[in-house]
>>> print(open('coords15.txt').read())   # compact mmCIF, C-alpha atoms and all ligand atoms
# COMPACT_ATOMS: atom_id res chain seq x y z
CA MET A 1 -81.33 60.70 -327.67
CA LEU A 2 -78.96 60.50 -330.59
CA SER A 3 -75.29 61.20 -329.96
CA GLU A 4 -72.45 61.65 -332.42
CA TYR A 5 -71.38 58.12 -331.49
CA ASP A 6 -74.70 56.42 -332.09
CA GLY A 7 -74.54 53.13 -333.94
CA ILE A 8 -70.78 53.14 -334.46
CA PRO A 9 -69.31 49.68 -333.87
CA ILE A 10 -66.30 49.25 -331.60
CA GLY A 11 -64.42 46.05 -330.80
CA LEU A 12 -63.20 45.15 -327.33
CA LYS A 13 -60.05 43.36 -326.30
CA ASP A 14 -61.14 40.33 -324.30
CA ILE A 15 -60.04 42.01 -321.07
CA PHE A 16 -62.94 44.48 -320.66
CA SER A 17 -65.93 43.34 -318.61
CA GLU A 18 -69.18 43.55 -320.49
CA LYS A 19 -72.23 42.34 -318.63
CA GLY A 20 -73.46 38.94 -319.84
CA GLN A 21 -70.51 38.46 -322.20
CA PRO A 22 -67.54 36.12 -321.89
CA LEU A 23 -64.32 37.58 -320.51
CA THR A 24 -61.48 35.14 -321.09
CA CYS A 25 -58.30 37.28 -321.15
CA ALA A 26 -57.31 34.59 -323.70
CA SER A 27 -56.71 32.24 -320.77
CA LYS A 28 -57.97 28.76 -320.10
CA MET A 29 -58.33 30.04 -316.53
CA LEU A 30 -61.30 32.22 -317.54
CA GLU A 31 -62.53 30.17 -320.50
CA HIS A 32 -66.08 29.87 -319.16
CA TYR A 33 -66.29 33.10 -317.19
CA VAL A 34 -69.11 35.55 -317.96
CA SER A 35 -68.91 39.14 -316.69
CA PRO A 36 -71.59 40.07 -314.16
CA TYR A 37 -71.14 43.81 -314.71
CA ASP A 38 -69.92 46.45 -317.16
CA ALA A 39 -66.51 48.09 -316.96
CA THR A 40 -66.78 51.87 -316.64
CA VAL A 41 -65.47 52.31 -320.18
CA VAL A 42 -68.08 49.86 -321.45
CA GLU A 43 -70.79 51.78 -319.62
CA ARG A 44 -69.59 54.94 -321.32
CA LEU A 45 -69.55 53.37 -324.78
CA LYS A 46 -73.05 51.98 -324.28
CA ALA A 47 -74.39 55.26 -322.94
CA ALA A 48 -73.11 57.01 -326.09
CA GLY A 49 -75.00 54.51 -328.24
CA MET A 50 -72.00 52.66 -329.60
CA VAL A 51 -72.38 49.08 -330.76
CA LEU A 52 -70.07 46.68 -328.93
CA PHE A 53 -68.73 44.35 -331.50
CA GLY A 54 -67.34 41.00 -330.38
CA ARG A 55 -64.40 40.07 -328.22
CA LEU A 56 -60.90 40.38 -329.62
CA ASN A 57 -57.96 38.03 -329.13
CA MET A 58 -54.94 39.00 -327.06
CA ASP A 59 -51.91 37.59 -325.32
CA GLU A 60 -52.97 35.77 -322.16
CA PHE A 61 -53.66 38.33 -319.43
CA ALA A 62 -52.06 40.97 -321.71
CA MET A 63 -48.62 39.45 -321.29
CA GLY A 64 -46.86 39.38 -324.63
CA SER A 65 -46.26 41.23 -327.86
CA SER A 66 -47.61 38.94 -330.58
CA SER A 67 -50.79 37.04 -329.55
CA GLU A 68 -48.69 33.87 -329.50
CA ASN A 69 -49.38 33.66 -325.77
CA SER A 70 -53.14 33.39 -326.30
CA ALA A 71 -54.46 30.07 -324.97
CA PHE A 72 -56.89 29.85 -327.88
CA GLN A 73 -55.40 31.02 -331.15
CA VAL A 74 -52.79 33.14 -332.87
CA THR A 75 -53.99 36.31 -334.58
CA HIS A 76 -52.39 36.96 -337.96
CA ASN A 77 -51.24 40.28 -339.35
CA PRO A 78 -53.66 41.48 -342.07
CA TRP A 79 -50.73 42.88 -344.08
CA ASP A 80 -49.00 39.50 -344.20
CA VAL A 81 -50.72 36.54 -342.61
CA THR A 82 -47.43 34.79 -341.92
CA CYS A 83 -46.49 37.62 -339.53
CA ILE A 84 -47.48 38.54 -335.98
CA PRO A 85 -49.87 41.48 -335.50
CA GLY A 86 -48.04 42.63 -332.37
CA GLY A 87 -49.60 42.50 -328.96
CA SER A 88 -50.91 42.14 -326.44
CA SER A 89 -53.95 43.92 -327.94
CA SER A 90 -53.43 41.84 -331.08
CA GLY A 91 -57.02 41.26 -332.15
CA SER A 92 -57.92 44.92 -331.66
CA ALA A 93 -55.14 46.13 -333.96
CA ALA A 94 -55.69 43.41 -336.56
CA ALA A 95 -59.47 43.91 -336.65
CA VAL A 96 -59.11 47.65 -337.29
CA ALA A 97 -56.37 47.09 -339.88
CA ALA A 98 -58.48 44.51 -341.70
CA GLY A 99 -61.48 46.84 -341.73
CA GLU A 100 -63.58 44.45 -339.68
CA VAL A 101 -64.40 47.24 -337.27
CA PRO A 102 -63.56 50.97 -337.44
CA LEU A 103 -62.51 51.27 -333.80
CA ALA A 104 -61.33 49.05 -330.99
CA LEU A 105 -60.20 49.26 -327.41
CA GLY A 106 -57.06 47.73 -326.02
CA THR A 107 -54.94 48.07 -322.90
CA ASP A 108 -51.39 49.31 -322.69
CA THR A 109 -49.25 48.27 -319.74
CA GLY A 110 -45.92 48.38 -321.52
CA GLY A 111 -46.88 49.17 -325.12
CA SER A 112 -49.74 46.82 -325.90
CA VAL A 113 -51.75 49.43 -327.78
CA ARG A 114 -48.94 51.34 -329.50
CA GLN A 115 -46.84 48.36 -330.58
CA PRO A 116 -49.61 46.34 -332.32
CA ALA A 117 -50.89 49.60 -333.85
CA ALA A 118 -47.43 50.12 -335.34
CA LEU A 119 -47.18 46.56 -336.65
CA CYS A 120 -50.69 46.67 -338.17
CA GLY A 121 -50.49 50.16 -339.66
CA VAL A 122 -53.23 51.82 -337.61
CA VAL A 123 -53.43 54.58 -335.02
CA GLY A 124 -53.08 53.45 -331.39
CA THR A 125 -53.00 55.73 -328.39
CA LYS A 126 -52.86 55.51 -324.62
CA PRO A 127 -53.54 58.56 -322.49
CA THR A 128 -51.80 59.58 -319.27
CA TYR A 129 -51.98 57.01 -316.49
CA GLY A 130 -55.21 57.57 -314.58
CA ARG A 131 -57.11 59.32 -317.35
CA ILE A 132 -59.32 56.30 -318.03
CA SER A 133 -60.95 54.28 -315.27
CA ARG A 134 -59.56 50.78 -314.84
CA TYR A 135 -62.74 49.56 -313.17
CA GLY A 136 -63.88 46.35 -314.85
CA ILE A 137 -60.65 45.84 -316.80
CA ALA A 138 -58.86 42.65 -315.73
CA ALA A 139 -55.72 43.79 -313.94
CA PHE A 140 -52.21 42.92 -315.06
CA ALA A 141 -49.95 45.55 -313.44
CA SER A 142 -52.14 48.14 -311.78
CA SER A 143 -49.64 51.00 -311.62
CA LEU A 144 -49.02 50.71 -315.38
CA ASP A 145 -52.30 49.48 -316.92
CA GLN A 146 -54.20 51.99 -319.00
CA ALA A 147 -56.88 51.52 -321.63
CA GLY A 148 -56.24 52.84 -325.11
CA VAL A 149 -57.90 53.26 -328.48
CA PHE A 150 -57.28 51.89 -331.98
CA ALA A 151 -58.60 53.80 -334.97
CA ARG A 152 -57.75 54.51 -338.59
CA THR A 153 -57.27 58.20 -338.00
CA VAL A 154 -55.99 60.40 -335.20
CA SER A 155 -59.25 62.31 -334.93
CA GLY A 156 -61.15 59.02 -334.70
CA ALA A 157 -58.99 57.99 -331.77
CA ALA A 158 -59.34 61.43 -330.17
CA ALA A 159 -63.13 61.24 -330.33
CA ILE A 160 -63.18 57.95 -328.43
CA LEU A 161 -60.57 59.11 -325.91
CA LYS A 162 -62.74 62.09 -325.10
CA LEU A 163 -65.60 59.71 -324.36
CA LEU A 164 -63.57 57.40 -322.13
CA CYS A 165 -61.46 59.80 -320.06
CA GLY A 166 -62.62 61.18 -316.74
CA ALA A 167 -62.69 60.54 -313.02
CA ASP A 168 -64.56 57.48 -311.78
CA PRO A 169 -65.56 56.97 -308.14
CA LYS A 170 -65.08 53.23 -308.69
CA ASP A 171 -61.35 53.67 -309.45
CA ALA A 172 -59.42 55.52 -306.78
CA THR A 173 -56.46 55.97 -309.14
CA SER A 174 -58.53 57.63 -311.85
CA ALA A 175 -57.45 61.23 -312.25
CA ARG A 176 -59.70 63.97 -310.97
CA ARG A 177 -58.73 66.30 -313.76
CA GLU A 178 -60.79 68.12 -316.28
CA VAL A 179 -60.90 66.35 -319.64
CA PRO A 180 -60.39 68.69 -322.57
CA ASP A 181 -62.20 68.16 -325.85
CA PHE A 182 -59.28 66.53 -327.68
CA CYS A 183 -60.96 66.93 -331.09
CA LYS A 184 -61.31 70.69 -330.60
CA GLU A 185 -57.75 70.91 -329.36
CA ILE A 186 -56.54 69.24 -332.56
CA GLN A 187 -58.55 71.68 -334.66
CA ASN A 188 -57.33 74.71 -332.73
CA ASN A 189 -53.72 73.55 -332.97
CA ARG A 190 -53.67 73.16 -336.76
CA GLY A 191 -50.76 75.03 -338.30
CA LYS A 192 -48.93 75.43 -335.00
CA LYS A 193 -45.15 74.98 -335.12
CA TRP A 194 -44.11 72.78 -332.24
CA THR A 195 -40.75 71.90 -330.77
CA LEU A 196 -39.97 68.19 -331.04
CA GLY A 197 -37.34 66.27 -329.11
CA VAL A 198 -35.48 63.46 -330.87
CA PRO A 199 -33.71 61.25 -328.31
CA GLU A 200 -30.42 59.92 -329.63
CA GLU A 201 -30.71 56.72 -327.57
CA TYR A 202 -33.84 55.63 -329.43
CA PHE A 203 -31.99 55.47 -332.74
CA GLY A 204 -29.04 53.33 -331.70
CA ASP A 205 -28.09 49.67 -332.03
CA GLY A 206 -30.90 47.20 -332.49
CA LEU A 207 -33.09 49.52 -334.53
CA ASP A 208 -34.06 48.11 -337.92
CA SER A 209 -32.66 50.29 -340.72
CA GLU A 210 -35.98 50.64 -342.56
CA VAL A 211 -37.72 51.74 -339.37
CA LYS A 212 -34.94 54.23 -338.67
CA GLU A 213 -35.21 55.66 -342.16
CA ALA A 214 -38.99 56.05 -342.01
CA VAL A 215 -38.95 57.69 -338.58
CA LEU A 216 -36.15 60.08 -339.52
CA ALA A 217 -38.07 60.95 -342.70
CA ALA A 218 -41.01 61.85 -340.47
CA VAL A 219 -38.75 64.07 -338.36
CA ASP A 220 -37.62 65.72 -341.58
CA PHE A 221 -41.22 66.29 -342.61
CA TYR A 222 -41.86 68.15 -339.37
CA LYS A 223 -38.73 70.21 -339.91
CA GLN A 224 -39.96 71.21 -343.35
CA GLN A 225 -43.26 72.23 -341.79
CA GLY A 226 -41.37 74.74 -339.69
CA TYR A 227 -41.18 72.77 -336.44
CA THR A 228 -38.10 73.12 -334.27
CA ILE A 229 -36.24 69.83 -333.96
CA LYS A 230 -34.05 69.37 -330.89
CA PRO A 231 -31.72 66.46 -330.28
CA ILE A 232 -32.26 65.36 -326.68
CA ARG A 233 -30.89 62.67 -324.37
CA LEU A 234 -32.99 60.05 -322.60
CA GLU A 235 -30.21 58.07 -321.04
CA THR A 236 -32.47 55.89 -318.93
CA LEU A 237 -33.78 54.07 -322.03
CA GLU A 238 -31.55 51.07 -321.45
CA TYR A 239 -32.95 50.49 -317.94
CA GLY A 240 -36.60 50.57 -318.97
CA ILE A 241 -37.02 46.90 -319.82
CA SER A 242 -35.39 45.69 -316.59
CA ALA A 243 -37.41 48.02 -314.39
CA TYR A 244 -40.60 47.22 -316.26
CA TYR A 245 -40.22 43.45 -316.01
CA ILE A 246 -39.59 43.71 -312.27
CA ILE A 247 -42.45 46.07 -311.47
CA ALA A 248 -44.97 44.53 -313.89
CA THR A 249 -44.29 40.96 -312.77
CA ALA A 250 -44.39 41.92 -309.08
CA GLU A 251 -47.81 43.51 -309.52
CA ALA A 252 -49.01 40.68 -311.74
CA SER A 253 -48.07 38.06 -309.14
CA SER A 254 -50.36 39.82 -306.70
CA ASN A 255 -53.19 40.59 -309.15
CA LEU A 256 -53.30 37.05 -310.50
CA ALA A 257 -53.47 35.45 -307.05
CA ARG A 258 -57.25 35.72 -307.29
CA TYR A 259 -57.38 33.02 -309.98
CA ASP A 260 -57.22 30.14 -307.55
CA GLY A 261 -59.67 27.49 -308.72
CA VAL A 262 -62.01 28.28 -305.82
CA ARG A 263 -64.26 30.92 -307.22
CA TYR A 264 -64.92 31.81 -310.84
CA THR A 265 -61.97 30.22 -312.56
CA TYR A 266 -60.94 26.94 -314.10
CA ARG A 267 -60.81 24.16 -311.48
CA SER A 268 -58.64 21.13 -312.09
CA PRO A 269 -60.61 17.87 -312.29
CA ASN A 270 -57.45 16.04 -311.21
CA ALA A 271 -57.20 17.46 -307.69
CA LYS A 272 -57.67 15.12 -304.75
CA THR A 273 -56.98 17.55 -301.91
CA THR A 274 -57.69 21.22 -301.35
CA GLU A 275 -54.05 22.07 -301.76
CA GLU A 276 -53.96 20.21 -305.05
CA MET A 277 -57.02 22.11 -306.16
CA PHE A 278 -55.12 25.37 -305.81
CA SER A 279 -51.89 24.18 -307.31
CA LEU A 280 -53.23 22.05 -310.16
CA SER A 281 -55.86 24.61 -311.12
CA ARG A 282 -53.14 27.25 -311.42
CA SER A 283 -50.61 25.06 -313.17
CA GLU A 284 -53.16 23.72 -315.67
CA GLY A 285 -55.14 26.95 -316.05
CA PHE A 286 -52.30 29.39 -316.76
CA GLY A 287 -50.10 29.31 -319.84
CA SER A 288 -46.32 29.20 -319.58
CA GLU A 289 -45.66 32.94 -320.01
CA VAL A 290 -48.16 33.82 -317.27
CA LYS A 291 -46.57 31.27 -314.94
CA ARG A 292 -43.10 32.61 -315.76
CA ARG A 293 -44.22 36.12 -314.83
CA ILE A 294 -45.91 35.04 -311.60
CA LEU A 295 -42.76 33.19 -310.54
CA LEU A 296 -40.56 36.14 -311.46
CA GLY A 297 -42.87 38.51 -309.59
CA LEU A 298 -42.90 36.36 -306.47
CA TYR A 299 -39.14 36.09 -306.62
CA VAL A 300 -38.48 39.83 -306.85
CA LEU A 301 -40.90 40.43 -303.98
CA SER A 302 -39.49 37.68 -301.75
CA SER A 303 -38.07 39.08 -298.51
CA VAL A 304 -34.42 38.52 -299.34
CA GLU A 305 -34.50 39.92 -302.85
CA TYR A 306 -36.90 42.77 -302.17
CA ASP A 307 -34.60 45.46 -300.84
CA ALA A 308 -31.33 43.76 -301.63
CA TYR A 309 -31.81 44.01 -305.36
CA TYR A 310 -34.90 44.12 -307.33
CA TYR A 311 -38.12 45.79 -306.43
CA ASP A 312 -36.70 48.74 -304.54
CA ASN A 313 -34.14 49.46 -307.21
CA ALA A 314 -36.71 49.13 -309.96
CA GLN A 315 -38.84 51.76 -308.23
CA LYS A 316 -35.85 54.08 -308.01
CA VAL A 317 -35.12 53.55 -311.69
CA ARG A 318 -38.76 54.29 -312.43
CA ARG A 319 -38.36 57.68 -310.79
CA LEU A 320 -35.18 58.36 -312.76
CA ILE A 321 -37.01 57.57 -315.99
CA TYR A 322 -39.77 59.98 -315.02
CA ASN A 323 -37.19 62.66 -314.20
CA ASP A 324 -35.46 62.08 -317.51
CA PHE A 325 -38.69 62.80 -319.40
CA ALA A 326 -39.57 65.74 -317.13
CA GLU A 327 -36.19 67.31 -317.89
CA ALA A 328 -36.68 66.82 -321.63
CA PHE A 329 -40.15 68.34 -321.52
CA LYS A 330 -38.69 71.60 -320.18
CA ASN A 331 -37.43 72.21 -323.72
CA VAL A 332 -39.75 70.33 -326.06
CA ASP A 333 -43.49 69.92 -326.60
CA ALA A 334 -43.36 66.25 -327.57
CA ILE A 335 -40.84 63.50 -328.14
CA VAL A 336 -40.57 61.53 -331.40
CA THR A 337 -39.29 57.95 -331.49
CA PRO A 338 -39.88 54.70 -333.34
CA THR A 339 -42.70 52.68 -331.73
CA SER A 340 -41.17 49.26 -332.33
CA PRO A 341 -37.55 48.42 -333.15
CA ALA A 342 -38.65 46.41 -336.20
CA PRO A 343 -41.68 45.76 -338.40
CA ALA A 344 -43.75 42.62 -337.78
CA THR A 345 -41.72 39.42 -337.57
CA LYS A 346 -42.83 35.98 -338.73
CA ILE A 347 -45.12 34.01 -336.43
CA GLY A 348 -42.91 31.73 -334.33
CA ALA A 349 -39.70 33.59 -335.20
CA LYS A 350 -38.91 34.81 -331.70
CA SER A 351 -38.16 31.76 -329.69
CA THR A 352 -36.96 33.10 -326.32
CA PRO A 353 -38.94 35.21 -323.85
CA LEU A 354 -36.08 37.72 -323.71
CA SER A 355 -36.16 38.37 -327.46
CA VAL A 356 -39.87 39.19 -327.09
CA TYR A 357 -39.27 41.41 -324.04
CA LEU A 358 -36.70 43.45 -325.97
CA SER A 359 -39.28 44.43 -328.57
CA ASP A 360 -40.89 46.64 -325.89
CA ILE A 361 -37.81 48.81 -325.51
CA TYR A 362 -39.31 52.04 -326.92
CA THR A 363 -42.69 51.76 -325.25
CA VAL A 364 -42.25 50.61 -321.63
CA SER A 365 -40.59 53.79 -320.34
CA VAL A 366 -43.69 55.75 -321.33
CA ASN A 367 -45.79 53.54 -319.05
CA LEU A 368 -43.25 53.67 -316.24
CA ALA A 369 -43.43 57.47 -316.40
CA GLY A 370 -47.24 57.41 -316.82
CA LEU A 371 -47.14 59.57 -319.95
CA PRO A 372 -49.50 59.76 -322.93
CA GLY A 373 -48.28 58.19 -326.16
CA ILE A 374 -49.52 57.60 -329.66
CA SER A 375 -48.34 55.47 -332.56
CA ILE A 376 -49.25 56.38 -336.13
CA PRO A 377 -48.31 54.77 -339.43
CA CYS A 378 -45.28 56.53 -340.91
CA GLY A 379 -44.15 54.24 -343.71
CA PHE A 380 -43.77 50.73 -345.03
CA SER A 381 -40.88 48.31 -345.27
CA LYS A 382 -39.76 46.87 -348.59
CA SER A 383 -41.86 43.83 -347.84
CA ASN A 384 -44.88 46.11 -347.41
CA LEU A 385 -45.12 45.87 -343.63
CA PRO A 386 -46.24 48.97 -341.72
CA ILE A 387 -43.86 51.09 -339.64
CA GLY A 388 -45.01 53.13 -336.64
CA LEU A 389 -43.95 56.53 -335.31
CA GLN A 390 -44.37 57.20 -331.60
CA LEU A 391 -45.13 60.62 -330.16
CA ILE A 392 -44.87 61.06 -326.39
CA GLY A 393 -46.47 63.95 -324.50
CA ARG A 394 -46.36 65.61 -321.09
CA PRO A 395 -48.60 64.19 -318.36
CA PHE A 396 -52.23 65.18 -318.98
CA ASP A 397 -51.36 66.82 -322.26
CA GLU A 398 -52.75 64.31 -324.74
CA GLY A 399 -53.82 67.14 -327.04
CA THR A 400 -50.28 68.04 -328.08
CA PRO A 401 -49.10 64.61 -329.31
CA LEU A 402 -52.50 64.08 -330.92
CA SER A 403 -52.23 67.40 -332.77
CA ILE A 404 -48.69 66.68 -333.91
CA ALA A 405 -49.73 63.19 -335.04
CA GLU A 406 -52.60 64.62 -337.02
CA ALA A 407 -50.31 67.09 -338.76
CA PHE A 408 -48.25 64.16 -340.04
CA GLU A 409 -51.29 62.15 -341.01
CA GLY A 410 -52.67 65.05 -343.06
CA GLY A 411 -49.46 65.29 -345.08
CA HIS A 412 -49.26 61.59 -345.99
CA ASP A 413 -51.43 58.80 -347.31
CA PHE A 414 -50.14 55.97 -345.10
CA TRP A 415 -53.33 55.89 -343.07
CA GLU A 416 -55.40 55.36 -346.23
CA ARG A 417 -53.54 52.29 -347.45
CA ARG A 418 -55.34 49.03 -347.02
CA SER A 419 -53.95 45.70 -345.92
CA ARG A 420 -54.20 42.64 -348.15
CA ILE A 421 -56.91 41.23 -345.90
CA GLY A 422 -59.73 43.74 -345.77
CA SER A 423 -59.12 45.65 -348.98
N1 LIG B 501 -45.39 43.33 -324.25
C1 LIG B 501 -45.40 43.83 -322.90
C2 LIG B 501 -45.51 42.69 -321.93
O1 LIG B 501 -45.49 41.59 -322.38
C3 LIG B 501 -46.49 44.83 -322.73
C4 LIG B 501 -47.79 44.21 -322.46
C5 LIG B 501 -48.90 45.21 -322.29
O2 LIG B 501 -48.73 46.39 -322.53
N2 LIG B 501 -50.02 44.70 -321.83
O3 LIG B 501 -45.62 42.86 -320.77
>>> encode(input="coords15.txt", output="structure tokens")
Amino acid sequence: MLSEYDGIPIGLKDIFSEKGQPLTCASKMLEHYVSPYDATVVERLKAAGMVLFGRLNMDEFAMGSSSENSAFQVTHNPWDVTCIPGGSSSGSAAAVAAGEVPLALGTDTGGSVRQPAALCGVVGTKPTYGRISRYGIAAFASSLDQAGVFARTVSGAAAILKLLCGADPKDATSARREVPDFCKEIQNNRGKKWTLGVPEEYFGDGLDSEVKEAVLAAVDFYKQQGYTIKPIRLETLEYGISAYYIIATAEASSNLARYDGVRYTYRSPNAKTTEEMFSLSRSEGFGSEVKRRILLGLYVLSSVEYDAYYYDNAQKVRRLIYNDFAEAFKNVDAIVTPTSPAPATKIGAKSTPLSVYLSDIYTVSVNLAGLPGISIPCGFSKSNLPIGLQLIGRPFDEGTPLSIAEAFEGGHDFWERRSRIGS
């Protein structure tokens, strides 16, 4: 039977299991691994008649913001090939921006759909935590991981979200909530005047001036449309990165323990004893960022550090971040912020892990609070690099940020512009 999705190609980040296809997570550890089954999202795409189109590059195990952590290659930004495309869903964003594929899936643990979408000038959205089944998606940090969609338009992304969302008996954390027809919601909401919150903290030090200008121009556009604009406070912003890098690494250290050289992974040919097989396979199979995160995760979970400092406190901060958003949402329908503090930087420009971690500042809190978020193109820098606007919604209310995003899209031509590669 024909469906409205029949024959439409969609690209997959190399983190989604597709039966009979390689699944590398851009890691030497899984270089020769072939998935024995379909992820639930892949099953859904196939059942709708969509054409699964290749495997897309990423940062190793979704850890990174640029694709520079891929064990195999660096993906270039189609707007300027000397620049990063963002990450970790780098290939997904770049492929859609370059017009190689109209749609792609990524995963967003701390911003990995929204941030590359912003840097590549496409739409990228993640729904509320639990909306989309994680079954068959290689795990990074299970309490944060959520699949998301890349598209050229908001309604394109909404159509795929609608297909993917829904409870799954194979994922106990998938939400048993009714899934609205997001496309209809967008249509029904046209012309509505919403109340938007603009958090002061997200426009402070460290924000690139061109990004600030473009995002504030977008806020002004909404004002002119008759929206109510409210300055709000989200004071927990500055704690987001620390809490995220404790919780995400702790979960990653546990999730990645399965890659041990015994079963389906890379096995070191240099090992002479069983113990060496474990240790050498892991030290040779994982890249340096993945090892850094595993070590950090094991450290914060170690018995002395656990309650004394890190993990416990990070969980408390996570709750405070959630409360901060919940308080704001008493007065506003959605929150507007920049997606990334700066447009795409040159490949190789960020030399320390910390400088890369800081680029997640506006996205990680959304994952810690489990909220839906979307990034849409809202302008270009003087060097013609895309700038992204982030809209954040209440839990299980994807329809509102999608509708607000579409209102902006309809009033501008940013989404229609083509990158140098692919035009
Ligand atoms: N850049 C963030 C990190 O490195 C987010 C990654 C993600 O969302 N998968 O952890």
>>> residues_near_ligand(input="coords15.txt", ligand="ligand LIG 501 (chain B)", cutoff="10 Å", atoms="all atoms listed in the file", output="JSON, numbers by chain")
{"A": [58, 59, 60, 61, 62, 63, 64, 65, 66, 67, 69, 86, 87, 88, 89, 106, 107, 108, 109, 110, 111, 112, 113, 114, 115, 116, 139, 140, 141, 144, 145, 146, 147, 241, 244, 245, 248, 249, 252, 289, 290, 293, 353, 356, 357, 358, 359, 360, 361, 363, 364, 367]}
>>> atom_distance(input="coords15.txt", atom1="atom CA of Leu402 of chain A", atom2="atom CA of Gly197 of chain A")
15.4 Å
>>> closest_residue(input="coords15.txt", among="A:Ile392, A:Leu295, A:Val179, A:Leu163", to="Glu43 of chain A", atoms="only C-alpha atoms")
A:Leu163
>>> residues_near_point(input="coords15.txt", point="(-49.5, 58.0, -330.6)", cutoff="8 Å", atoms="only C-alpha atoms", output="list in words")
Arg114, Val123, Gly124, Thr125, Lys126, Pro372, Gly373, Ile374, Ser375, Ile376, Leu389, Gln390, Leu391, Ile392, Pro401, Leu402 and Ala405 of chain A
>>> closest_residue(input="coords15.txt", among="A:Tyr5, A:Phe380, A:Tyr222, A:Tyr362", to="Gly156 of chain A", atoms="all atoms listed in the file")
A:Tyr5
>>> residues_around(input="coords15.txt", residues="Cys120 of chain A", least_positions_apart="3", cutoff="7 Å", atoms="all atoms listed in the file", output="count of residues only")
8
>>> atom_distance(input="coords15.txt", atom1="atom CA of Ala369 of chain A", atom2="atom CA of Lys193 of chain A")
25.7 Å
>>> residues_around(input="coords15.txt", residues="Gly11 of chain A", least_positions_apart="6", cutoff="12 Å", atoms="all atoms listed in the file", output="ChimeraX atom specification")
/A:18,42,45,50-57,89-96,99-106,149-151
>>> closest_residue(input="coords15.txt", among="A:Thr128, A:Thr75, A:Ala118, A:Tyr37", to="Glu398 of chain A", atoms="all atoms listed in the file")
A:Thr128
>>> decode(input="coords15.txt", residues="segment 263-299 of chain A", atoms="C-alpha atoms", output="mmCIF file, in the first residue's frame")
data_model
loop_
_atom_site.group_PDB
_atom_site.id
_atom_site.type_symbol
_atom_site.label_atom_id
_atom_site.label_comp_id
_atom_site.auth_asym_id
_atom_site.auth_seq_id
_atom_site.Cartn_x
_atom_site.Cartn_y
_atom_site.Cartn_z
ATOM 1 C CA ARG A 263 32.115 -10.495 21.335
ATOM 2 C CA TYR A 264 31.347 -8.404 18.276
ATOM 3 C CA THR A 265 34.023 -5.758 18.488
ATOM 4 C CA TYR A 266 37.566 -5.129 17.377
ATOM 5 C CA ARG A 267 39.982 -7.590 19.023
ATOM 6 C CA SER A 268 43.629 -6.660 19.381
ATOM 7 C CA PRO A 269 45.975 -8.988 17.488
ATOM 8 C CA ASN A 270 48.720 -8.035 19.952
ATOM 9 C CA ALA A 271 47.193 -9.606 23.056
ATOM 10 C CA LYS A 272 48.967 -12.545 24.659
ATOM 11 C CA THR A 273 46.716 -13.046 27.681
ATOM 12 C CA THR A 274 42.994 -12.707 28.288
ATOM 13 C CA GLU A 275 43.542 -9.600 30.339
ATOM 14 C CA GLU A 276 45.574 -8.083 27.539
ATOM 15 C CA MET A 277 42.802 -8.926 25.123
ATOM 16 C CA PHE A 278 40.415 -6.735 27.098
ATOM 17 C CA SER A 279 42.803 -3.901 27.718
ATOM 18 C CA LEU A 280 44.541 -3.748 24.337
ATOM 19 C CA SER A 281 41.296 -4.171 22.402
ATOM 20 C CA ARG A 282 39.837 -1.201 24.275
ATOM 21 C CA SER A 283 42.918 0.970 24.109
ATOM 22 C CA GLU A 284 43.466 0.301 20.392
ATOM 23 C CA GLY A 285 39.781 0.196 19.417
ATOM 24 C CA PHE A 286 38.584 3.441 21.009
ATOM 25 C CA GLY A 287 39.698 6.907 19.954
ATOM 26 C CA SER A 288 41.129 9.378 22.452
ATOM 27 C CA GLU A 289 37.913 11.336 23.146
ATOM 28 C CA VAL A 290 35.983 8.138 23.878
ATOM 29 C CA LYS A 291 38.725 6.966 26.240
ATOM 30 C CA ARG A 292 38.779 10.365 27.941
ATOM 31 C CA ARG A 293 35.043 10.136 28.560
ATOM 32 C CA ILE A 294 35.175 6.563 29.848
ATOM 33 C CA LEU A 295 37.932 7.517 32.283
ATOM 34 C CA LEU A 296 36.052 10.612 33.406
ATOM 35 C CA GLY A 297 32.864 8.582 33.830
ATOM 36 C CA LEU A 298 34.600 5.895 35.871
ATOM 37 C CA TYR A 299 36.201 8.562 38.015
#
